Amino acid sequence: MQGRMIRAMRWLACLLPLLFAPAGGAATAATAWPDWRAFDDAFIDAQGRVIDWSDHARTVSEGQAYALFFALVAGDRQRFAQILDWTEKNLARGDLRHNLPAWHWGQRDDGSWGVIDANPASDADLWIAYTLIEAGRLWKVPAWRDTGRALLARIAAQEVVQIPAGPYLLLPGPQGFIGNDNSVRFNPSYYVPSQLLALQAEDSRGPWLRLLKDYVALLPQIAPLGRAPDWTVWRTDRIVVDPASGGTGSYDAIRTYLWAGIAPAGAQGPDLRLALRGYRDMVAELERIPEKWSTGNSGISGDAPPGFYAALLPYLRSIADTTNYEAMRKHVESTRVDGLYGKPARYYDQVLVLFGKGYVDGRYHFDANGRVIPSWQ
């Protein structure tokens with residue numbers, strides 16, 4: 001009963017501004033994206049906390065960052081502000097300009113709720129900074145852009161490392177990813193080409209374009225058969241297989257294809273898609289997406305959840321693979337139950353649907369400089 005009352009109050013709060021909004025304006029856009037509305041209803045509470053119900057009702061900074069972006073794409077400014085407020089107060093000690101957000105918040109062993117792991121996650125940090133900058137531009141709120149720029153400076157200082165006479169690498173977080181032998185463990189799916197392109201335009205002295213170029217140059221080593229791993233390692237002067245994960249690709253790595261699919265040409269999109277095409281060939285041969293694969297010729301296993309299929313849609317469309325695109329799209333649609341995808345509906349699948357299906361449905365795209373262009377603009 002209480003849950004229904006909360007949802008009704010939220011629905012009324014969203015409806016009232018729409019009743020008095022000019023027709024065709026951004027205020028109507030929030031109700032025009034059913035997948036976003038279903039995600040909001042199922043996974044975001046009234047305060048703006050994104051909840052992963054499948055993992056002890058925890059919240060991760062990645063989820064907050066993604067929800068900020070989706071709220072911007074939906075033109076849902078009220079929800080954007082709520083998500084931002086919860087993130088800043090609970091993950092960044094009340095100040096995103098001076099603190100990177102903690103990556104993991106949830107119920108502690110003593111039963112209390114709060115930060116469980118304060119180490120930030122650079123993919124979430126970059127998405128938050130990028131989205132704040134873009135929200136400031138699109139909604140003309142200078143304070144959001146200023147906060148995004150301040151956060152970006154902290155990311156550059158704490159989560160980017162330059163290898164002497166080698167590449168720039170994006171650390172997954174400030175702590176725990178540089179070995180005693182100075183090897184660097186990193187996650188290829190943390191590199192979002194369109195994002196890095198836009199951030200370089202915003203911060204011309206930053207390392208963002210260099211990160212992108214070095215990532216593209218390293219891809220043939222990271223994914224020699226076009227099959228990206230979840231994790232990889234830079235050691236001495238080259239990429240080596242991550243000993244902890246054995247070069248396996250799965251829930252992280254699928255985003256590598258998503259980001260390549262939505263990348264504009266200026267973000268070296270064509271080169272990225274070519275380097276990763278071997279994955280598409282594997283999927284075409286299998287006539288399905290596996291849950292796991294490896295950078296080599298073995299390790300293919302399991303059946304992927306619906307989010308993987310949605311994540312691959314932009315990539316398949318970008319390389320004009322109409323046959324596989326249509327098959328994957330039909331598969332995604334077949335998994336839709338009561339507005340969500342998969343049964344049970346899991347948080348991460350919905351995120352990948354919002355990114356992948358949202359992109360091919362025209363909810364957003366990126367211009368040549370990596371700036372997001374939502375359909376309501």
# chains A, B, ... in the order shown; residues from 1 in each chain; ligands from 1
$ residues_around --residues "Gly370 in chain A" --least-positions-apart "6" --cutoff "6 Å" --atoms "only C-alpha atoms" --output "list of chain:residue names"
A:Ser194, A:Gln195, A:Leu197, A:Ala198
$ residues_around --residues "Met328 in chain A" --least-positions-apart "5" --cutoff "8 Å" --atoms "only C-alpha atoms" --output "list in words"
Tyr309, Ala310, Leu312 and Leu313 of chain A
$ atom_distance --atom1 "CA of Ala129 in chain A" --atom2 "CA of Arg145 in chain A"
8.3 Å
$ select_by_dssp --residues "range 144-377 of chain A" --states "alpha helix (DSSP H)" --output "ChimeraX atom specification"
/A:144-158,193-202,208-222,254-262,269-275,277-286,306-318,322-334,347-360
$ closest_atom_pairs --of "range 231-330 of chain A" --to "range 357-362 of chain A" --cutoff "9 Å" --atoms "only C-alpha atoms" --output "JSON lines"
{"residue": "A:Ile262", "atom": "CA", "partner": "A:Tyr359", "partner_atom": "CA", "distance": 7.5}
{"residue": "A:Ala310", "atom": "CA", "partner": "A:Lys357", "partner_atom": "CA", "distance": 5.6}
{"residue": "A:Ala311", "atom": "CA", "partner": "A:Lys357", "partner_atom": "CA", "distance": 7.3}
{"residue": "A:Leu313", "atom": "CA", "partner": "A:Lys357", "partner_atom": "CA", "distance": 6.8}
{"residue": "A:Pro314", "atom": "CA", "partner": "A:Val360", "partner_atom": "CA", "distance": 6.1}
{"residue": "A:Arg317", "atom": "CA", "partner": "A:Val360", "partner_atom": "CA", "distance": 8.1}
{"residue": "A:Arg329", "atom": "CA", "partner": "A:Lys357", "partner_atom": "CA", "distance": 8.2}
